[in-house]
Each structure stands twice: as structure tokens, then as C-alpha cells.
Amino acid sequence: MSRLLLVNGPNLGILGTRQPEIYGTDTLQDIERWVGAEVAERGWKVDSYQFDGEAEIIRTIQGNYDTVGAIINPAALMMAGWGLRDALANYPRPWIEVHLSNVWAREQFRHESVTGPLASGVVFGLGALGYRLAARALLEKVPA
């Protein structure tokens with residue numbers, strides 16, 4: 001069975017209770033279930049990880065080159081995660097960067113991503129729906 005990598009960065013393990021006015025009330029478990037439902041027909045299984053530290057995320061990406069693609073929410077690491085950027089530059093499959101909030105409608109320091117330019121696509125500002133859209137995009141980008 002083919003595997004889709006789903007990686008979430010710092011502070012996303014507390015979705016559902018973390019600033020719901022910005023990030024919504026959906027939990028990471030909800031998102032994992034919805035992504036799994038999107039890719040199930042293709043026979044893909046979702047391998048989901050959440051880490052608050054950059055090193056764990058890097059090791060996870062490097063250890064999963066055999067996945068069909070990835071959905072990555074680097075969270076705040078998008079702004080200064082240079083090690084993460086290097087790891088993603090070496091990831092051999094298509095990947096989509098996702099952000100729950102509209103980062104351009106927030107503080108100025110959130111307006112630039114060091115990881116986004118490497119992604120096959122970027123989805124932001126659509127809440128948990130963004131993950132489902134990213135999964136659909138990967139279904140189109142990855143040959144059957």
C-alpha cells in the first residue's frame with residue numbers, strides 16, 4: 001500500500017483548543033481522518049506526524065523518501081526553518097505546504113515562507129479544508 005506523508009510542525013498538536021478564532025476548532029485527529037478519506041480510494045494510507053521541534057521533522061522527512069508525496073504544515077518554521085528547508089529540498093516527491101490561517105492577513109513577520117518556494121503548491125487561509133485540498137492536489141500530481 002502506498003503511503004502519503006502528513007507532517008505538522010510546532011504547536012499544531014493542540015489544534016482544537018489553540019486560538020480557535022485563528023486556527024478553528026478542528027483537531028489534528030479530525031484533519032488526519034479527513035485526509036485519509038480523501039486518499040483512500042487511491043489505496044493510499046496516511047502516515048501522520050506532529051513535532052514541536054525542527055530536528056524531529058527533518059528526520060521524519062528524511063526517513064520517508066519512499067512515500068508518494070507529502071502534505072507539510074511547517075507552522076512557524078516556515079519563517080526561519082532553514083534546516084527544514086534543506087530537508088524539503090531533498091524530498092524526492094511532490095509536496096504541498098498548508099497553513100490553516102491566512103498568513104498574509106496576519107503580522108508582517110508571517111508574510112514570507114522559506115519553505116513555500118520549494119513546494120509543489122501552497123494552500124493557506126482555508127482552515128482544515130486546506131489539508132483536504134492539498135490531498136486532492138497530490139492525487140492529481142502523483143501518477144496512478
# chains A, B, ... in the order shown; residues from 1 in each chain; ligands from 1
>>> select_by_dssp(residues="segment 13-83 of chain A", states="strand (DSSP E or B)", output="number ranges by chain")
A: 45-50, 69-73
>>> closest_atom_pairs(of="segment 35-136 of chain A", to="segment 8-27 of chain A", cutoff="10 Å", atoms="only C-alpha atoms", output="JSON lines")
{"residue": "A:Ser48", "atom": "CA", "partner": "A:Asn8", "partner_atom": "CA", "distance": 8.0}
{"residue": "A:Tyr49", "atom": "CA", "partner": "A:Asn8", "partner_atom": "CA", "distance": 6.2}
{"residue": "A:Gln50", "atom": "CA", "partner": "A:Asn8", "partner_atom": "CA", "distance": 4.6}
{"residue": "A:Phe51", "atom": "CA", "partner": "A:Gly9", "partner_atom": "CA", "distance": 5.3}
{"residue": "A:Asp52", "atom": "CA", "partner": "A:Pro10", "partner_atom": "CA", "distance": 3.8}
{"residue": "A:Gly53", "atom": "CA", "partner": "A:Pro10", "partner_atom": "CA", "distance": 6.5}
{"residue": "A:Glu54", "atom": "CA", "partner": "A:Gly9", "partner_atom": "CA", "distance": 7.7}
{"residue": "A:Glu56", "atom": "CA", "partner": "A:Gly9", "partner_atom": "CA", "distance": 9.5}
{"residue": "A:Ile57", "atom": "CA", "partner": "A:Gly9", "partner_atom": "CA", "distance": 7.3}
{"residue": "A:Ile71", "atom": "CA", "partner": "A:Asn8", "partner_atom": "CA", "distance": 8.4}
{"residue": "A:Ile72", "atom": "CA", "partner": "A:Asn8", "partner_atom": "CA", "distance": 6.0}
{"residue": "A:Asn73", "atom": "CA", "partner": "A:Asn8", "partner_atom": "CA", "distance": 4.8}
{"residue": "A:Pro74", "atom": "CA", "partner": "A:Gly9", "partner_atom": "CA", "distance": 4.7}
{"residue": "A:Ala75", "atom": "CA", "partner": "A:Gly9", "partner_atom": "CA", "distance": 5.2}
{"residue": "A:Ala76", "atom": "CA", "partner": "A:Pro10", "partner_atom": "CA", "distance": 6.9}
{"residue": "A:Leu77", "atom": "CA", "partner": "A:Gly9", "partner_atom": "CA", "distance": 7.3}
{"residue": "A:Met78", "atom": "CA", "partner": "A:Gly9", "partner_atom": "CA", "distance": 9.3}
{"residue": "A:Val98", "atom": "CA", "partner": "A:Asn8", "partner_atom": "CA", "distance": 9.2}
{"residue": "A:His99", "atom": "CA", "partner": "A:Tyr23", "partner_atom": "CA", "distance": 9.2}
{"residue": "A:Leu100", "atom": "CA", "partner": "A:Tyr23", "partner_atom": "CA", "distance": 6.0}
{"residue": "A:Ser101", "atom": "CA", "partner": "A:Tyr23", "partner_atom": "CA", "distance": 6.2}
{"residue": "A:Asn102", "atom": "CA", "partner": "A:Ile22", "partner_atom": "CA", "distance": 8.9}
{"residue": "A:Arg106", "atom": "CA", "partner": "A:Ile22", "partner_atom": "CA", "distance": 9.8}
{"residue": "A:Gly125", "atom": "CA", "partner": "A:Tyr23", "partner_atom": "CA", "distance": 9.3}
{"residue": "A:Leu126", "atom": "CA", "partner": "A:Tyr23", "partner_atom": "CA", "distance": 9.6}
{"residue": "A:Gly127", "atom": "CA", "partner": "A:Tyr23", "partner_atom": "CA", "distance": 6.6}
{"residue": "A:Ala128", "atom": "CA", "partner": "A:Asp26", "partner_atom": "CA", "distance": 6.9}
>>> write_last_selection(atoms="C-alpha atoms", output="short mmCIF file (atom, residue, chain, number, x, y, z; two decimals), in the first residue's frame")
data_model
loop_
_atom_site.label_atom_id
_atom_site.label_comp_id
_atom_site.auth_asym_id
_atom_site.auth_seq_id
_atom_site.Cartn_x
_atom_site.Cartn_y
_atom_site.Cartn_z
CA SER A 48 0.84 11.34 10.16
CA TYR A 49 3.36 13.04 12.44
CA GLN A 50 3.41 16.16 14.57
CA PHE A 51 6.52 17.53 16.22
CA ASP A 52 7.29 20.74 18.05
CA GLY A 53 10.98 20.53 17.15
CA GLU A 54 12.62 21.02 13.79
CA GLU A 56 12.27 15.54 14.53
CA ILE A 57 10.53 16.90 11.45
CA ILE A 71 1.43 17.47 3.00
CA ILE A 72 3.53 19.68 5.25
CA ASN A 73 2.38 22.35 7.67
CA PRO A 74 5.68 23.72 8.94
CA ALA A 75 3.84 26.22 11.16
CA ALA A 76 6.23 28.92 12.41
CA LEU A 77 9.18 27.02 10.95
CA MET A 78 8.13 28.38 7.56
CA VAL A 98 -0.51 24.06 4.13
CA HIS A 99 -1.33 26.77 6.65
CA LEU A 100 -4.64 26.99 8.46
CA SER A 101 -4.70 30.77 8.74
CA ASN A 102 -4.27 33.40 6.07
CA ARG A 106 -1.61 38.45 9.98
CA GLY A 125 -6.24 30.61 4.91
CA LEU A 126 -8.84 27.89 4.36
CA GLY A 127 -8.63 26.21 7.75
CA ALA A 128 -8.75 22.43 7.89
#
>>> residues_around(residues="Leu129 of chain A", least_positions_apart="6", cutoff="10 Å", atoms="only C-alpha atoms", output="list in words")
Ile31, Trp34, Val35, Val98, Leu100, Val123 and Ala135 of chain A
>>> select_by_dssp(residues="segment 60-143 of chain A", states="alpha helix (DSSP H)", output="PDB file with all heavy atoms, in the first residue's frame")
ATOM      1  N   THR A  60      12.022  12.860  10.146  1.00  0.00           N
ATOM      2  CA  THR A  60      10.832  12.203   9.603  1.00  0.00           C
ATOM      3  C   THR A  60      10.779  12.339   8.092  1.00  0.00           C
ATOM      4  O   THR A  60      10.499  11.369   7.376  1.00  0.00           O
ATOM      5  CB  THR A  60       9.565  12.781  10.254  1.00  0.00           C
ATOM      6  OG1 THR A  60       9.617  12.508  11.660  1.00  0.00           O
ATOM      7  CG2 THR A  60       8.302  12.182   9.658  1.00  0.00           C
ATOM      8  N   ILE A  61      11.052  13.507   7.581  1.00  0.00           N
ATOM      9  CA  ILE A  61      11.069  13.700   6.132  1.00  0.00           C
ATOM     10  C   ILE A  61      12.152  12.838   5.500  1.00  0.00           C
ATOM     11  O   ILE A  61      11.909  12.128   4.523  1.00  0.00           O
ATOM     12  CB  ILE A  61      11.258  15.193   5.795  1.00  0.00           C
ATOM     13  CG1 ILE A  61       9.993  15.965   6.199  1.00  0.00           C
ATOM     14  CG2 ILE A  61      11.583  15.392   4.314  1.00  0.00           C
ATOM     15  CD1 ILE A  61      10.156  17.458   6.237  1.00  0.00           C
ATOM     16  N   GLN A  62      13.343  12.861   6.069  1.00  0.00           N
ATOM     17  CA  GLN A  62      14.455  12.082   5.515  1.00  0.00           C
ATOM     18  C   GLN A  62      14.204  10.578   5.586  1.00  0.00           C
ATOM     19  O   GLN A  62      14.682   9.821   4.758  1.00  0.00           O
ATOM     20  CB  GLN A  62      15.750  12.433   6.237  1.00  0.00           C
ATOM     21  CG  GLN A  62      16.224  13.834   5.930  1.00  0.00           C
ATOM     22  CD  GLN A  62      17.395  14.265   6.788  1.00  0.00           C
ATOM     23  OE1 GLN A  62      17.696  13.663   7.818  1.00  0.00           O
ATOM     24  NE2 GLN A  62      18.061  15.325   6.365  1.00  0.00           N
ATOM     25  N   LEU A  77       7.906  27.349  11.577  1.00  0.00           N
ATOM     26  CA  LEU A  77       9.185  27.017  10.950  1.00  0.00           C
ATOM     27  C   LEU A  77       9.254  27.486   9.502  1.00  0.00           C
ATOM     28  O   LEU A  77      10.323  27.550   8.915  1.00  0.00           O
ATOM     29  CB  LEU A  77       9.448  25.514  11.021  1.00  0.00           C
ATOM     30  CG  LEU A  77       9.703  24.966  12.421  1.00  0.00           C
ATOM     31  CD1 LEU A  77       9.774  23.446  12.388  1.00  0.00           C
ATOM     32  CD2 LEU A  77      10.971  25.566  13.005  1.00  0.00           C
ATOM     33  N   MET A  78       8.112  27.860   8.935  1.00  0.00           N
ATOM     34  CA  MET A  78       8.128  28.376   7.556  1.00  0.00           C
ATOM     35  C   MET A  78       8.942  29.660   7.455  1.00  0.00           C
ATOM     36  O   MET A  78       9.470  29.982   6.404  1.00  0.00           O
ATOM     37  CB  MET A  78       6.718  28.656   7.055  1.00  0.00           C
ATOM     38  CG  MET A  78       6.099  29.923   7.623  1.00  0.00           C
ATOM     39  SD  MET A  78       4.540  30.290   6.816  1.00  0.00           S
ATOM     40  CE  MET A  78       4.623  32.069   6.769  1.00  0.00           C
ATOM     41  N   MET A  79       9.104  30.371   8.561  1.00  0.00           N
ATOM     42  CA  MET A  79       9.768  31.678   8.540  1.00  0.00           C
ATOM     43  C   MET A  79      11.261  31.589   8.795  1.00  0.00           C
ATOM     44  O   MET A  79      12.004  32.463   8.352  1.00  0.00           O
ATOM     45  CB  MET A  79       9.135  32.593   9.592  1.00  0.00           C
ATOM     46  CG  MET A  79       7.670  32.871   9.317  1.00  0.00           C
ATOM     47  SD  MET A  79       6.848  33.709  10.686  1.00  0.00           S
ATOM     48  CE  MET A  79       6.631  32.377  11.838  1.00  0.00           C
ATOM     49  N   ALA A  80      11.696  30.557   9.498  1.00  0.00           N
ATOM     50  CA  ALA A  80      13.112  30.501   9.872  1.00  0.00           C
ATOM     51  C   ALA A  80      13.652  29.080   9.938  1.00  0.00           C
ATOM     52  O   ALA A  80      14.717  28.860  10.483  1.00  0.00           O
ATOM     53  CB  ALA A  80      13.318  31.192  11.219  1.00  0.00           C
ATOM     54  N   TRP A  82      15.483  26.917   8.313  1.00  0.00           N
ATOM     55  CA  TRP A  82      16.428  26.697   7.217  1.00  0.00           C
ATOM     56  C   TRP A  82      16.854  25.242   7.111  1.00  0.00           C
ATOM     57  O   TRP A  82      17.041  24.721   6.009  1.00  0.00           O
ATOM     58  CB  TRP A  82      17.622  27.638   7.347  1.00  0.00           C
ATOM     59  CG  TRP A  82      17.205  29.056   7.102  1.00  0.00           C
ATOM     60  CD1 TRP A  82      16.976  30.018   8.046  1.00  0.00           C
ATOM     61  CD2 TRP A  82      16.917  29.660   5.841  1.00  0.00           C
ATOM     62  NE1 TRP A  82      16.567  31.189   7.439  1.00  0.00           N
ATOM     63  CE2 TRP A  82      16.526  30.993   6.077  1.00  0.00           C
ATOM     64  CE3 TRP A  82      16.939  29.204   4.529  1.00  0.00           C
ATOM     65  CZ2 TRP A  82      16.167  31.877   5.065  1.00  0.00           C
ATOM     66  CZ3 TRP A  82      16.586  30.080   3.507  1.00  0.00           C
ATOM     67  CH2 TRP A  82      16.206  31.402   3.780  1.00  0.00           C
ATOM     68  N   GLY A  83      16.986  24.560   8.232  1.00  0.00           N
ATOM     69  CA  GLY A  83      17.293  23.130   8.193  1.00  0.00           C
ATOM     70  C   GLY A  83      16.135  22.354   7.586  1.00  0.00           C
ATOM     71  O   GLY A  83      16.334  21.427   6.788  1.00  0.00           O
ATOM     72  N   LEU A  84      14.915  22.722   7.944  1.00  0.00           N
ATOM     73  CA  LEU A  84      13.723  22.105   7.369  1.00  0.00           C
ATOM     74  C   LEU A  84      13.666  22.372   5.875  1.00  0.00           C
ATOM     75  O   LEU A  84      13.371  21.481   5.081  1.00  0.00           O
ATOM     76  CB  LEU A  84      12.466  22.628   8.059  1.00  0.00           C
ATOM     77  CG  LEU A  84      11.139  22.160   7.464  1.00  0.00           C
ATOM     78  CD1 LEU A  84      11.027  20.644   7.465  1.00  0.00           C
ATOM     79  CD2 LEU A  84       9.980  22.805   8.218  1.00  0.00           C
ATOM     80  N   ARG A  85      13.988  23.584   5.483  1.00  0.00           N
ATOM     81  CA  ARG A  85      14.009  23.927   4.059  1.00  0.00           C
ATOM     82  C   ARG A  85      14.960  23.003   3.296  1.00  0.00           C
ATOM     83  O   ARG A  85      14.621  22.479   2.239  1.00  0.00           O
ATOM     84  CB  ARG A  85      14.422  25.380   3.857  1.00  0.00           C
ATOM     85  CG  ARG A  85      14.392  25.800   2.403  1.00  0.00           C
ATOM     86  CD  ARG A  85      15.067  27.151   2.195  1.00  0.00           C
ATOM     87  NE  ARG A  85      14.854  27.649   0.865  1.00  0.00           N
ATOM     88  CZ  ARG A  85      15.438  27.182  -0.243  1.00  0.00           C
ATOM     89  NH1 ARG A  85      16.285  26.182  -0.162  1.00  0.00           N
ATOM     90  NH2 ARG A  85      15.169  27.704  -1.425  1.00  0.00           N
ATOM     91  N   ASP A  86      16.149  22.793   3.846  1.00  0.00           N
ATOM     92  CA  ASP A  86      17.118  21.920   3.185  1.00  0.00           C
ATOM     93  C   ASP A  86      16.601  20.486   3.090  1.00  0.00           C
ATOM     94  O   ASP A  86      16.807  19.811   2.075  1.00  0.00           O
ATOM     95  CB  ASP A  86      18.452  21.961   3.923  1.00  0.00           C
ATOM     96  CG  ASP A  86      19.192  23.285   3.747  1.00  0.00           C
ATOM     97  OD1 ASP A  86      18.791  24.083   2.872  1.00  0.00           O
ATOM     98  OD2 ASP A  86      20.159  23.512   4.500  1.00  0.00           O
ATOM     99  N   ALA A  87      15.933  20.015   4.128  1.00  0.00           N
ATOM    100  CA  ALA A  87      15.376  18.660   4.102  1.00  0.00           C
ATOM    101  C   ALA A  87      14.286  18.550   3.035  1.00  0.00           C
ATOM    102  O   ALA A  87      14.226  17.557   2.303  1.00  0.00           O
ATOM    103  CB  ALA A  87      14.822  18.282   5.473  1.00  0.00           C
ATOM    104  N   LEU A  88      13.441  19.565   2.940  1.00  0.00           N
ATOM    105  CA  LEU A  88      12.379  19.539   1.943  1.00  0.00           C
ATOM    106  C   LEU A  88      12.932  19.670   0.529  1.00  0.00           C
ATOM    107  O   LEU A  88      12.366  19.114  -0.417  1.00  0.00           O
ATOM    108  CB  LEU A  88      11.362  20.645   2.230  1.00  0.00           C
ATOM    109  CG  LEU A  88      10.491  20.388   3.460  1.00  0.00           C
ATOM    110  CD1 LEU A  88       9.733  21.644   3.858  1.00  0.00           C
ATOM    111  CD2 LEU A  88       9.538  19.229   3.212  1.00  0.00           C
ATOM    112  N   ALA A  89      14.034  20.372   0.367  1.00  0.00           N
ATOM    113  CA  ALA A  89      14.658  20.490  -0.952  1.00  0.00           C
ATOM    114  C   ALA A  89      15.118  19.130  -1.461  1.00  0.00           C
ATOM    115  O   ALA A  89      15.184  18.904  -2.673  1.00  0.00           O
ATOM    116  CB  ALA A  89      15.838  21.461  -0.894  1.00  0.00           C
ATOM    117  N   ASN A  90      15.405  18.219  -0.563  1.00  0.00           N
ATOM    118  CA  ASN A  90      15.888  16.890  -0.940  1.00  0.00           C
ATOM    119  C   ASN A  90      14.769  15.851  -0.989  1.00  0.00           C
ATOM    120  O   ASN A  90      15.003  14.732  -1.435  1.00  0.00           O
ATOM    121  CB  ASN A  90      16.982  16.441   0.032  1.00  0.00           C
ATOM    122  CG  ASN A  90      17.849  15.366  -0.573  1.00  0.00           C
ATOM    123  OD1 ASN A  90      18.352  15.519  -1.677  1.00  0.00           O
ATOM    124  ND2 ASN A  90      18.011  14.275   0.154  1.00  0.00           N
ATOM    125  N   LEU A 129      -9.930  22.693   5.770  1.00  0.00           N
ATOM    126  CA  LEU A 129     -10.230  22.358   4.381  1.00  0.00           C
ATOM    127  C   LEU A 129      -8.968  22.381   3.520  1.00  0.00           C
ATOM    128  O   LEU A 129      -8.845  21.617   2.557  1.00  0.00           O
ATOM    129  CB  LEU A 129     -11.272  23.336   3.816  1.00  0.00           C
ATOM    130  CG  LEU A 129     -11.585  23.224   2.329  1.00  0.00           C
ATOM    131  CD1 LEU A 129     -12.159  21.846   1.993  1.00  0.00           C
ATOM    132  CD2 LEU A 129     -12.530  24.338   1.908  1.00  0.00           C
ATOM    133  N   GLY A 130      -8.010  23.209   3.869  1.00  0.00           N
ATOM    134  CA  GLY A 130      -6.770  23.290   3.113  1.00  0.00           C
ATOM    135  C   GLY A 130      -6.044  21.964   3.018  1.00  0.00           C
ATOM    136  O   GLY A 130      -5.428  21.647   1.986  1.00  0.00           O
ATOM    137  N   TYR A 131      -6.106  21.161   4.045  1.00  0.00           N
ATOM    138  CA  TYR A 131      -5.465  19.848   4.021  1.00  0.00           C
ATOM    139  C   TYR A 131      -6.157  18.926   3.016  1.00  0.00           C
ATOM    140  O   TYR A 131      -5.506  18.165   2.304  1.00  0.00           O
ATOM    141  CB  TYR A 131      -5.511  19.197   5.401  1.00  0.00           C
ATOM    142  CG  TYR A 131      -4.575  19.783   6.418  1.00  0.00           C
ATOM    143  CD1 TYR A 131      -4.943  20.881   7.188  1.00  0.00           C
ATOM    144  CD2 TYR A 131      -3.331  19.211   6.657  1.00  0.00           C
ATOM    145  CE1 TYR A 131      -4.100  21.408   8.156  1.00  0.00           C
ATOM    146  CE2 TYR A 131      -2.477  19.714   7.618  1.00  0.00           C
ATOM    147  CZ  TYR A 131      -2.868  20.820   8.358  1.00  0.00           C
ATOM    148  OH  TYR A 131      -2.014  21.327   9.316  1.00  0.00           O
ATOM    149  N   ARG A 132      -7.470  18.986   2.992  1.00  0.00           N
ATOM    150  CA  ARG A 132      -8.217  18.154   2.047  1.00  0.00           C
ATOM    151  C   ARG A 132      -7.928  18.574   0.617  1.00  0.00           C
ATOM    152  O   ARG A 132      -7.782  17.737  -0.273  1.00  0.00           O
ATOM    153  CB  ARG A 132      -9.697  18.219   2.376  1.00  0.00           C
ATOM    154  CG  ARG A 132      -9.982  17.554   3.729  1.00  0.00           C
ATOM    155  CD  ARG A 132     -11.334  17.859   4.288  1.00  0.00           C
ATOM    156  NE  ARG A 132     -12.395  17.366   3.441  1.00  0.00           N
ATOM    157  CZ  ARG A 132     -13.673  17.677   3.631  1.00  0.00           C
ATOM    158  NH1 ARG A 132     -14.023  18.472   4.626  1.00  0.00           N
ATOM    159  NH2 ARG A 132     -14.596  17.196   2.834  1.00  0.00           N
ATOM    160  N   LEU A 133      -7.827  19.878   0.396  1.00  0.00           N
ATOM    161  CA  LEU A 133      -7.499  20.371  -0.941  1.00  0.00           C
ATOM    162  C   LEU A 133      -6.086  19.968  -1.339  1.00  0.00           C
ATOM    163  O   LEU A 133      -5.824  19.623  -2.497  1.00  0.00           O
ATOM    164  CB  LEU A 133      -7.674  21.882  -0.995  1.00  0.00           C
ATOM    165  CG  LEU A 133      -9.110  22.380  -0.802  1.00  0.00           C
ATOM    166  CD1 LEU A 133      -9.138  23.897  -0.717  1.00  0.00           C
ATOM    167  CD2 LEU A 133     -10.017  21.870  -1.901  1.00  0.00           C
ATOM    168  N   ALA A 134      -5.174  19.991  -0.386  1.00  0.00           N
ATOM    169  CA  ALA A 134      -3.800  19.546  -0.654  1.00  0.00           C
ATOM    170  C   ALA A 134      -3.784  18.067  -1.025  1.00  0.00           C
ATOM    171  O   ALA A 134      -3.069  17.657  -1.950  1.00  0.00           O
ATOM    172  CB  ALA A 134      -2.910  19.811   0.561  1.00  0.00           C
ATOM    173  N   ALA A 135      -4.568  17.266  -0.331  1.00  0.00           N
ATOM    174  CA  ALA A 135      -4.647  15.837  -0.653  1.00  0.00           C
ATOM    175  C   ALA A 135      -5.187  15.640  -2.066  1.00  0.00           C
ATOM    176  O   ALA A 135      -4.654  14.825  -2.837  1.00  0.00           O
ATOM    177  CB  ALA A 135      -5.528  15.116   0.369  1.00  0.00           C
ATOM    178  N   ARG A 136      -6.211  16.388  -2.430  1.00  0.00           N
ATOM    179  CA  ARG A 136      -6.770  16.289  -3.791  1.00  0.00           C
ATOM    180  C   ARG A 136      -5.730  16.699  -4.834  1.00  0.00           C
ATOM    181  O   ARG A 136      -5.630  16.081  -5.898  1.00  0.00           O
ATOM    182  CB  ARG A 136      -8.010  17.161  -3.915  1.00  0.00           C
ATOM    183  CG  ARG A 136      -9.178  16.648  -3.117  1.00  0.00           C
ATOM    184  CD  ARG A 136     -10.364  17.559  -3.227  1.00  0.00           C
ATOM    185  NE  ARG A 136     -11.300  17.283  -2.141  1.00  0.00           N
ATOM    186  CZ  ARG A 136     -12.293  18.092  -1.811  1.00  0.00           C
ATOM    187  NH1 ARG A 136     -12.505  19.217  -2.482  1.00  0.00           N
ATOM    188  NH2 ARG A 136     -13.086  17.777  -0.812  1.00  0.00           N
ATOM    189  N   ALA A 137      -4.967  17.739  -4.527  1.00  0.00           N
ATOM    190  CA  ALA A 137      -3.925  18.176  -5.460  1.00  0.00           C
ATOM    191  C   ALA A 137      -2.879  17.094  -5.655  1.00  0.00           C
ATOM    192  O   ALA A 137      -2.448  16.833  -6.790  1.00  0.00           O
ATOM    193  CB  ALA A 137      -3.278  19.470  -4.953  1.00  0.00           C
ATOM    194  N   LEU A 138      -2.485  16.427  -4.588  1.00  0.00           N
ATOM    195  CA  LEU A 138      -1.498  15.354  -4.714  1.00  0.00           C
ATOM    196  C   LEU A 138      -2.051  14.170  -5.496  1.00  0.00           C
ATOM    197  O   LEU A 138      -1.308  13.537  -6.256  1.00  0.00           O
ATOM    198  CB  LEU A 138      -0.986  14.927  -3.336  1.00  0.00           C
ATOM    199  CG  LEU A 138      -0.034  15.917  -2.681  1.00  0.00           C
ATOM    200  CD1 LEU A 138       0.241  15.513  -1.238  1.00  0.00           C
ATOM    201  CD2 LEU A 138       1.261  16.043  -3.465  1.00  0.00           C
ATOM    202  N   LEU A 139      -3.324  13.903  -5.355  1.00  0.00           N
ATOM    203  CA  LEU A 139      -3.932  12.836  -6.152  1.00  0.00           C
ATOM    204  C   LEU A 139      -3.809  13.138  -7.644  1.00  0.00           C
ATOM    205  O   LEU A 139      -3.648  12.238  -8.459  1.00  0.00           O
ATOM    206  CB  LEU A 139      -5.412  12.649  -5.770  1.00  0.00           C
ATOM    207  CG  LEU A 139      -5.674  11.996  -4.417  1.00  0.00           C
ATOM    208  CD1 LEU A 139      -7.135  12.127  -4.037  1.00  0.00           C
ATOM    209  CD2 LEU A 139      -5.242  10.531  -4.434  1.00  0.00           C
ATOM    210  N   GLU A 140      -3.870  14.416  -7.983  1.00  0.00           N
ATOM    211  CA  GLU A 140      -3.715  14.820  -9.383  1.00  0.00           C
ATOM    212  C   GLU A 140      -2.250  14.805  -9.818  1.00  0.00           C
ATOM    213  O   GLU A 140      -1.930  14.474 -10.952  1.00  0.00           O
ATOM    214  CB  GLU A 140      -4.272  16.236  -9.587  1.00  0.00           C
ATOM    215  CG  GLU A 140      -5.774  16.322  -9.416  1.00  0.00           C
ATOM    216  CD  GLU A 140      -6.532  15.606 -10.531  1.00  0.00           C
ATOM    217  OE1 GLU A 140      -6.076  15.657 -11.691  1.00  0.00           O
ATOM    218  OE2 GLU A 140      -7.571  14.986 -10.236  1.00  0.00           O
ATOM    219  N   LYS A 141      -1.342  15.190  -8.929  1.00  0.00           N
ATOM    220  CA  LYS A 141       0.068  15.320  -9.268  1.00  0.00           C
ATOM    221  C   LYS A 141       0.827  13.994  -9.313  1.00  0.00           C
ATOM    222  O   LYS A 141       1.805  13.857 -10.027  1.00  0.00           O
ATOM    223  CB  LYS A 141       0.775  16.263  -8.280  1.00  0.00           C
ATOM    224  CG  LYS A 141       0.356  17.704  -8.463  1.00  0.00           C
ATOM    225  CD  LYS A 141       1.280  18.609  -7.693  1.00  0.00           C
ATOM    226  CE  LYS A 141       1.215  20.021  -8.192  1.00  0.00           C
ATOM    227  NZ  LYS A 141       1.693  20.216  -9.551  1.00  0.00           N
TER     228      LYS A 141
END
>>> atom_distance(atom1="atom CA of Glu32 of chain A", atom2="atom CA of Pro117 of chain A")
24.6 Å
>>> closest_residue(among="A:Val7, A:Glu97, A:Ala40, A:Val142", to="Leu28 of chain A", atoms="only C-alpha atoms")
A:Val7
>>> atom_distance(atom1="atom CA of Leu5 of chain A", atom2="atom CA of Ala37 of chain A")
14.2 Å
>>> atom_distance(atom1="atom CA of Arg33 of chain A", atom2="atom CA of Gly116 of chain A")
24.5 Å
>>> closest_residue(among="A:Val39, A:Trp95, A:Leu4, A:Val103", to="Val68 of chain A", atoms="only C-alpha atoms")
A:Leu4
>>> closest_residue(among="A:Ile96, A:Arg59, A:Asp66, A:Leu6", to="Gly36 of chain A", atoms="only C-alpha atoms")
A:Leu6
